[in-house]
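Take a look at the structure below.
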Amino acid sequence: MNKSNDSLAGIYIHIPFCKQACHYCDFHFSTNSQLRDQLIKMISGELVLQRGYLGDQIVETIYFGGGTPSLLSPHQISGLLSTVYDNFTICDQPEITLEANPDDLNTEYLENLRATGINRLSIGIQSFQQEVLQWMNRAHTQEEACNSFHRARSSGFDNINIDLIYGIPLEQYQQQDDLKQALELAPEHISAYNLTIEPGTLFGHQLKKGSLVEIDEETAAAQFLYTMETLDSAGYQHYEISNYCRPGKQSGHNLGYWNGSYYLGVGPSAHSFNGMSRQSNISNNAAYIRSLEKEQIPSEVELLSARQRLNEKILLGLRREIGIALELCVDTLAINLNASRGNYLSRLVSQELAIIEKNRLILTDKGKLLADSIAEDLFLDI
Ligand code: SF4
């Protein structure tokens with residue numbers, strides 16, 4: 001797969017089931033597995049109904065996300081992959097990722113997973129500290145976090161991401177320990193996210209009641225910078241705000257999102273993008289099944305104007321190490337940031353928040369802390 005190609009197309013398959021609810025999570029999932037088999041059948045049906053969505057684009061990445069895709073049997077995964085291969089044009093060596101939780105990864109499962117064609121694992125480790133895992137209500141233990149990784153390696157997985165969460169407001173939390181242990185495992189890719197407290201989650205309720213207090217902005221910034229410095233000195237490339245990799249081991253699937261490539265998302269709550277519009281599926285398993293039984297996809301479509309797409313380019317581009325071109329263009333809409341926002345750009349440079357290199361605006365480490373607000377400042381009015 002050519003990861004620098006801007007015309008990657010991807011398929012995302014959302015598996016909306018989890019063993020238990022993590023206290024910070026606001027993704028769409030259910031802890032009731034009764035509808036699982038029926039829902040997998042309907043996702044397969046949606047793939048068939050959506051076979052024209054990507055036009056003649058070649059699919060280079062397939063991504064099982066969730067929820068917890070590692071709750072599916074290898075048989076269910078290969079069934080879904082067969083439907084993908086039967087209905088879309090797939091490149092010779094697609095990147096096929098499965099998000100997995102450590103407690104699901106026994107050796108037999110991992111070996112069967114390899115046989116389905118999954119060639120990249122994204123393991124939701126989040127932390128190596130038992131108190132933190134319990135506080136977040138993760139289903140795995142500290143021991144399972146490490147063992148699952150070693151078992152995945154022994155089973156032949158040579159492209160593994162681990163997810164980490166920092167910014168934990170617990171006295172006993174040691175960010176250095178998590179990074180040290182992550183580096184000892186030497187994964188190809190690390191995604192490191194600051195804990196965000198979302199309304200509607202248990203942590204969200206606790207925050208509202210005052211029984212949980214978030215870490216202050218200064219500490220969050222210090223932990224972000226520490227993550228960057230530590231992973232950078234260990235040879236990881238910081239290619240997107242929350243993502244680090246060994247050279248050449250970027251997530252092709254996520255690069256597709258950030259490049260504005262086409263993607264089809266199937267399953268409840270999944271999103272799709274075809275260059276002109278975004279489609280969002282209903283976030284309700286039972287309603288999704290009822291609709292697919294009638295061969296109807298329960299989704300809303302939002303047509304995106306050229307301005308919206310250009311703003312999205314700015315937002316996603318500024319999060320990446322390559323930044324954004326100073327001359328941006330979507331359809332017939334073209335802007336030159338030097339001409340229209342010259343003073344603002346000079347201010348960013350003089351405050352050491354950004355550099356301008358080869359006609360691109362690239363945020364510095366300090367600037368990355370303010371990426372979203374800088375993007376907003378550069379947005380065109382809709
Ligand atoms: S396992 Fe993942 S998707 Fe499920 S509740 Fe936890 S964080 Fe959310």
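Each chain in the structure tokens gets a letter, A, B, ..., in the order shown, and its residues are numbered from 1; ligands are numbered from 1 in order too.
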
May I ask you to write as a PDB file with N, CA and C atoms, in the first residue's frame all residues lying at most 9 Å from ligand 1, with only C-alpha atoms and all ligand atoms counted?
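Result went into out.pdb, see below:
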```
ATOM      1  N   PRO A  16     -20.729  -2.616  17.422  1.00  0.00           N
ATOM      2  CA  PRO A  16     -21.204  -1.835  18.581  1.00  0.00           C
ATOM      3  C   PRO A  16     -21.513  -2.671  19.830  1.00  0.00           C
ATOM      4  N   PHE A  17     -20.554  -3.479  20.246  1.00  0.00           N
ATOM      5  CA  PHE A  17     -20.761  -4.266  21.468  1.00  0.00           C
ATOM      6  C   PHE A  17     -19.514  -4.198  22.345  1.00  0.00           C
ATOM      7  N   CYS A  18     -19.722  -4.147  23.658  1.00  0.00           N
ATOM      8  CA  CYS A  18     -18.601  -4.175  24.606  1.00  0.00           C
ATOM      9  C   CYS A  18     -19.011  -5.035  25.785  1.00  0.00           C
ATOM     10  N   LYS A  19     -17.998  -5.594  26.469  1.00  0.00           N
ATOM     11  CA  LYS A  19     -18.295  -6.394  27.672  1.00  0.00           C
ATOM     12  C   LYS A  19     -18.849  -5.511  28.776  1.00  0.00           C
ATOM     13  N   GLN A  20     -18.240  -4.347  28.942  1.00  0.00           N
ATOM     14  CA  GLN A  20     -18.693  -3.421  29.985  1.00  0.00           C
ATOM     15  C   GLN A  20     -18.383  -1.995  29.535  1.00  0.00           C
ATOM     16  N   ALA A  21     -19.035  -1.034  30.174  1.00  0.00           N
ATOM     17  CA  ALA A  21     -18.869   0.357  29.740  1.00  0.00           C
ATOM     18  C   ALA A  21     -17.699   1.015  30.466  1.00  0.00           C
ATOM     19  N   CYS A  22     -16.709   1.469  29.720  1.00  0.00           N
ATOM     20  CA  CYS A  22     -15.612   2.222  30.329  1.00  0.00           C
ATOM     21  C   CYS A  22     -16.183   3.583  30.739  1.00  0.00           C
ATOM     22  N   HIS A  23     -15.733   4.090  31.874  1.00  0.00           N
ATOM     23  CA  HIS A  23     -16.381   5.269  32.451  1.00  0.00           C
ATOM     24  C   HIS A  23     -16.193   6.559  31.655  1.00  0.00           C
ATOM     25  N   TYR A  24     -15.257   6.555  30.701  1.00  0.00           N
ATOM     26  CA  TYR A  24     -14.986   7.782  29.939  1.00  0.00           C
ATOM     27  C   TYR A  24     -15.582   7.731  28.530  1.00  0.00           C
ATOM     28  N   CYS A  25     -16.162   6.594  28.151  1.00  0.00           N
ATOM     29  CA  CYS A  25     -16.409   6.360  26.725  1.00  0.00           C
ATOM     30  C   CYS A  25     -17.771   6.859  26.250  1.00  0.00           C
ATOM     31  N   ASP A  26     -17.774   7.624  25.166  1.00  0.00           N
ATOM     32  CA  ASP A  26     -19.061   8.045  24.596  1.00  0.00           C
ATOM     33  C   ASP A  26     -19.247   7.538  23.169  1.00  0.00           C
ATOM     34  N   PHE A  27     -18.513   6.470  22.814  1.00  0.00           N
ATOM     35  CA  PHE A  27     -18.765   5.839  21.504  1.00  0.00           C
ATOM     36  C   PHE A  27     -20.090   5.082  21.555  1.00  0.00           C
ATOM     37  N   HIS A  28     -20.585   4.716  20.395  1.00  0.00           N
ATOM     38  CA  HIS A  28     -21.830   3.944  20.395  1.00  0.00           C
ATOM     39  C   HIS A  28     -21.533   2.459  20.584  1.00  0.00           C
ATOM     40  N   PHE A  29     -22.093   1.875  21.635  1.00  0.00           N
ATOM     41  CA  PHE A  29     -21.938   0.430  21.884  1.00  0.00           C
ATOM     42  C   PHE A  29     -23.051  -0.026  22.816  1.00  0.00           C
ATOM     43  N   SER A  30     -23.255  -1.347  22.863  1.00  0.00           N
ATOM     44  CA  SER A  30     -24.217  -1.908  23.813  1.00  0.00           C
ATOM     45  C   SER A  30     -23.506  -3.018  24.584  1.00  0.00           C
ATOM     46  N   THR A  31     -23.870  -3.176  25.864  1.00  0.00           N
ATOM     47  CA  THR A  31     -23.271  -4.283  26.623  1.00  0.00           C
ATOM     48  C   THR A  31     -24.189  -5.518  26.571  1.00  0.00           C
ATOM     49  N   GLY A  65     -13.703  -1.267  13.832  1.00  0.00           N
ATOM     50  CA  GLY A  65     -13.609  -0.432  15.031  1.00  0.00           C
ATOM     51  C   GLY A  65     -14.851  -0.611  15.885  1.00  0.00           C
ATOM     52  N   GLY A  66     -14.878   0.067  17.021  1.00  0.00           N
ATOM     53  CA  GLY A  66     -16.056  -0.135  17.849  1.00  0.00           C
ATOM     54  C   GLY A  66     -16.175   0.875  18.957  1.00  0.00           C
ATOM     55  N   GLY A  67     -16.888   0.380  19.993  1.00  0.00           N
ATOM     56  CA  GLY A  67     -17.159  -0.986  20.412  1.00  0.00           C
ATOM     57  C   GLY A  67     -15.901  -1.846  20.500  1.00  0.00           C
ATOM     58  N   THR A  68     -16.137  -3.126  20.512  1.00  0.00           N
ATOM     59  CA  THR A  68     -15.038  -4.086  20.678  1.00  0.00           C
ATOM     60  C   THR A  68     -15.103  -5.158  19.593  1.00  0.00           C
ATOM     61  N   GLU A  99      -9.522  -3.454  15.957  1.00  0.00           N
ATOM     62  CA  GLU A  99      -9.356  -2.957  17.327  1.00  0.00           C
ATOM     63  C   GLU A  99      -9.656  -4.113  18.271  1.00  0.00           C
ATOM     64  N   ALA A 100      -8.785  -4.290  19.263  1.00  0.00           N
ATOM     65  CA  ALA A 100      -8.966  -5.441  20.154  1.00  0.00           C
ATOM     66  C   ALA A 100      -8.721  -5.023  21.587  1.00  0.00           C
ATOM     67  N   ASN A 101      -9.423  -5.677  22.490  1.00  0.00           N
ATOM     68  CA  ASN A 101      -9.147  -5.444  23.910  1.00  0.00           C
ATOM     69  C   ASN A 101      -8.268  -6.569  24.444  1.00  0.00           C
ATOM     70  N   GLY A 124      -6.356  -1.882  22.773  1.00  0.00           N
ATOM     71  CA  GLY A 124      -6.815  -0.827  23.698  1.00  0.00           C
ATOM     72  C   GLY A 124      -6.243  -1.022  25.088  1.00  0.00           C
ATOM     73  N   GLN A 126      -4.568   1.396  27.030  1.00  0.00           N
ATOM     74  CA  GLN A 126      -4.924   2.639  27.777  1.00  0.00           C
ATOM     75  C   GLN A 126      -3.976   2.959  28.932  1.00  0.00           C
ATOM     76  N   MET A 136     -10.990   3.428  35.420  1.00  0.00           N
ATOM     77  CA  MET A 136     -11.652   3.683  34.128  1.00  0.00           C
ATOM     78  C   MET A 136     -12.696   2.605  33.785  1.00  0.00           C
ATOM     79  N   ASN A 137     -12.737   1.550  34.634  1.00  0.00           N
ATOM     80  CA  ASN A 137     -13.621   0.401  34.404  1.00  0.00           C
ATOM     81  C   ASN A 137     -13.268  -0.363  33.137  1.00  0.00           C
ATOM     82  N   ARG A 138     -11.975  -0.502  32.889  1.00  0.00           N
ATOM     83  CA  ARG A 138     -11.546  -1.339  31.772  1.00  0.00           C
ATOM     84  C   ARG A 138     -11.732  -2.807  32.166  1.00  0.00           C
ATOM     85  N   ALA A 139     -11.963  -3.666  31.167  1.00  0.00           N
ATOM     86  CA  ALA A 139     -12.229  -5.076  31.477  1.00  0.00           C
ATOM     87  C   ALA A 139     -10.939  -5.868  31.668  1.00  0.00           C
TER      88      ALA A 139
END
```

Query raised in the report: Within 12 Å of segment 316-321 of chain A, counting only C-alpha atoms, which residues qualify if same-chain residues fewer than 3 places away don't, as JSON, numbers by chain?
Result: {"A": [237, 238, 239, 240, 241, 242, 243, 244, 250, 254, 255, 256, 257, 258, 259, 260, 309, 310, 311, 312, 313, 324, 325, 326, 328, 353, 354, 355, 357, 360, 361, 362, 363, 364, 365, 367, 368, 369, 370, 371, 372, 373, 374, 375, 376, 377, 378, 379]}

Suppose we keep C-alpha atoms; can you now write the selection as a PDB file, in the first residue's frame?
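And here's again_33.pdb as it stands now:
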```
ATOM      1  CA  GLN A 237       7.575   9.938  14.323  1.00  0.00           C
ATOM      2  CA  HIS A 238       4.878  12.294  15.616  1.00  0.00           C
ATOM      3  CA  TYR A 239       2.803  12.374  12.447  1.00  0.00           C
ATOM      4  CA  GLU A 240      -0.521  13.552  13.902  1.00  0.00           C
ATOM      5  CA  ILE A 241      -1.335  15.243  17.194  1.00  0.00           C
ATOM      6  CA  SER A 242      -2.283  12.017  18.975  1.00  0.00           C
ATOM      7  CA  ASN A 243      -0.393   9.533  16.811  1.00  0.00           C
ATOM      8  CA  TYR A 244       3.198   8.316  16.752  1.00  0.00           C
ATOM      9  CA  GLN A 250       1.461   5.287   9.923  1.00  0.00           C
ATOM     10  CA  ASN A 254      -6.475   7.249   9.539  1.00  0.00           C
ATOM     11  CA  LEU A 255      -4.261   8.942   6.956  1.00  0.00           C
ATOM     12  CA  GLY A 256      -7.157   8.451   4.566  1.00  0.00           C
ATOM     13  CA  TYR A 257      -9.506  10.363   6.897  1.00  0.00           C
ATOM     14  CA  TRP A 258      -7.010  13.165   7.357  1.00  0.00           C
ATOM     15  CA  ASN A 259      -6.276  13.402   3.625  1.00  0.00           C
ATOM     16  CA  GLY A 260      -9.948  13.790   2.772  1.00  0.00           C
ATOM     17  CA  ARG A 309     -14.680  21.011   3.061  1.00  0.00           C
ATOM     18  CA  LEU A 310     -11.956  23.637   2.960  1.00  0.00           C
ATOM     19  CA  ASN A 311     -12.350  24.330   6.688  1.00  0.00           C
ATOM     20  CA  GLU A 312     -12.108  20.607   7.335  1.00  0.00           C
ATOM     21  CA  LYS A 313      -8.851  20.522   5.354  1.00  0.00           C
ATOM     22  CA  ILE A 324      -1.380  22.695   5.406  1.00  0.00           C
ATOM     23  CA  ALA A 325      -0.497  24.292   2.072  1.00  0.00           C
ATOM     24  CA  LEU A 326      -0.690  28.085   2.093  1.00  0.00           C
ATOM     25  CA  LEU A 328      -5.730  25.759  -0.500  1.00  0.00           C
ATOM     26  CA  LEU A 353       3.478  28.572  17.366  1.00  0.00           C
ATOM     27  CA  ALA A 354       4.141  27.728  13.708  1.00  0.00           C
ATOM     28  CA  ILE A 355       6.769  27.731  10.999  1.00  0.00           C
ATOM     29  CA  GLU A 357       8.321  25.863   5.203  1.00  0.00           C
ATOM     30  CA  ARG A 360       3.226  25.125   4.086  1.00  0.00           C
ATOM     31  CA  LEU A 361       2.066  26.213   7.524  1.00  0.00           C
ATOM     32  CA  ILE A 362       3.291  23.724  10.114  1.00  0.00           C
ATOM     33  CA  LEU A 363       2.561  23.953  13.828  1.00  0.00           C
ATOM     34  CA  THR A 364       5.431  23.722  16.317  1.00  0.00           C
ATOM     35  CA  ASP A 365       5.103  21.538  19.427  1.00  0.00           C
ATOM     36  CA  GLY A 367       1.428  25.382  18.493  1.00  0.00           C
ATOM     37  CA  LYS A 368       0.054  21.839  18.532  1.00  0.00           C
ATOM     38  CA  LEU A 369      -1.361  22.551  21.980  1.00  0.00           C
ATOM     39  CA  LEU A 370      -3.572  25.191  20.341  1.00  0.00           C
ATOM     40  CA  ALA A 371      -4.221  23.382  17.063  1.00  0.00           C
ATOM     41  CA  ASP A 372      -8.017  23.525  17.202  1.00  0.00           C
ATOM     42  CA  SER A 373      -8.231  27.199  18.103  1.00  0.00           C
ATOM     43  CA  ILE A 374      -5.657  28.141  15.432  1.00  0.00           C
ATOM     44  CA  ALA A 375      -7.710  26.174  12.893  1.00  0.00           C
ATOM     45  CA  GLU A 376     -10.853  28.031  13.978  1.00  0.00           C
ATOM     46  CA  ASP A 377      -9.083  31.363  13.534  1.00  0.00           C
ATOM     47  CA  LEU A 378      -8.261  30.377   9.948  1.00  0.00           C
ATOM     48  CA  PHE A 379     -11.716  29.062   9.045  1.00  0.00           C
TER      49      PHE A 379
END
```

Report task. Just the strand (DSSP E) stuff from segment 61-283 of chain A, please, per backbone DSSP, written as JSON, numbers by chain. Result -> {"A": [61, 62, 63, 64, 65, 66, 90, 91, 92, 93, 94, 95, 96, 97, 98, 99, 100, 120, 121, 122, 123, 124, 125, 126, 160, 161, 162, 163, 164, 165, 166, 189, 190, 191, 192, 193, 194, 237, 238, 239, 240, 243, 244, 245, 263, 264, 265, 266, 271, 272, 273, 277, 278, 279, 280, 281]}

Query - Atom pair atom CA of Asn161 of chain A / atom CA of Glu184 of chain A: separation (Å) - result: 13.6 Å

Counting only C-alpha atoms, which residues of segment 38-110 of chain A sit at most 8 Å from some atom of segment 274-294 of chain A, and what is each one's closest atom pair with its distance in Å to one decimal, listed by chain and rising residue number, as a Markdown table?
```
| residue | atom | partner | partner_atom | distance |
| --- | --- | --- | --- | --- |
| A:Gln38 | CA | A:Ile289 | CA | 7.4 |
| A:Leu39 | CA | A:Ile289 | CA | 6.1 |
| A:Met42 | CA | A:Leu292 | CA | 6.0 |
| A:Gly45 | CA | A:Leu292 | CA | 7.1 |
| A:Glu46 | CA | A:Leu292 | CA | 7.0 |
| A:Tyr53 | CA | A:Asn274 | CA | 7.3 |
| A:Leu54 | CA | A:Asn274 | CA | 6.7 |
```

Query raised in the report: DSSP says helix (DSSP H, G or I) for which residues of segment 59-165 of chain A? Put them as JSON, numbers by chain?
Result: {"A": [69, 70, 71, 74, 75, 76, 77, 78, 79, 80, 81, 82, 83, 84, 85, 86, 87, 102, 103, 104, 107, 108, 109, 110, 111, 112, 113, 114, 115, 116, 130, 131, 132, 133, 134, 135, 136, 142, 143, 144, 145, 146, 147, 148, 149, 150, 151, 152, 153, 154]}

**Report entry** Using only C-alpha atoms: which of A:Ala220, A:Ile356, A:Pro187, A:Ala182 has the shortest distance to Gly342 of chain A
**Finding:**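 Closest candidate: A:Ile356.
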
Just want the 12 Å neighbourhood of Gln223 of chain A, counted on only C-alpha atoms, with same-chain residues fewer than 2 positions away dropped. Output as a tab-separated table (two decimals) with C-alpha atoms, in the first residue's frame.
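Wrote it out as out-v7.tsv, contents follow:
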```
chain	number	residue	atom	x	y	z
A	165	ILE	CA	-4.69	7.63	27.78
A	166	TYR	CA	-2.90	10.29	29.82
A	167	GLY	CA	-4.22	13.21	31.86
A	168	ILE	CA	-5.56	10.87	34.56
A	169	PRO	CA	-6.66	12.85	37.65
A	173	TYR	CA	-1.09	7.98	38.30
A	174	GLN	CA	2.45	7.92	36.89
A	175	GLN	CA	2.57	8.97	33.26
A	176	GLN	CA	6.28	8.03	33.00
A	178	ASP	CA	2.93	4.04	31.19
A	179	LEU	CA	5.27	5.43	28.53
A	192	ALA	CA	-1.83	8.70	23.00
A	193	TYR	CA	-4.92	10.69	23.96
A	194	ASN	CA	-5.55	13.15	26.73
A	195	LEU	CA	-8.52	11.99	28.81
A	215	ILE	CA	-6.41	17.93	35.73
A	216	ASP	CA	-5.64	21.58	35.08
A	217	GLU	CA	-4.66	22.86	31.64
A	218	GLU	CA	-1.04	23.36	32.60
A	219	THR	CA	-0.63	19.75	33.73
A	220	ALA	CA	-2.42	18.52	30.60
A	221	ALA	CA	-0.06	20.58	28.43
A	225	LEU	CA	4.78	17.72	25.78
A	226	TYR	CA	6.28	14.92	27.85
A	227	THR	CA	4.60	12.32	25.61
A	228	MET	CA	5.99	14.04	22.52
A	229	GLU	CA	9.53	14.34	23.90
A	230	THR	CA	9.65	10.78	25.21
A	369	LEU	CA	-1.36	22.55	21.98
```

Query raised in the report: Can you tell me, as a list in words, what residues are no more than 10 Å from Thr141 of chain A when counting only C-alpha atoms, ignoring any on the same chain fewer than 2 positions away?
Result: Pro102, Asp103, Ile125, Ser127, Phe128, Gln129, Gln130, Glu131, Val132, Leu133, Gln134, Arg138, Ala139, Glu143, Glu144, Ala145, Cys146 and Asn147 of chain A

**Report entry** Length of the atom CA of Tyr263 of chain A to atom CA of Ala9 of chain A vector [Å]
**Finding:** 5.4 Å
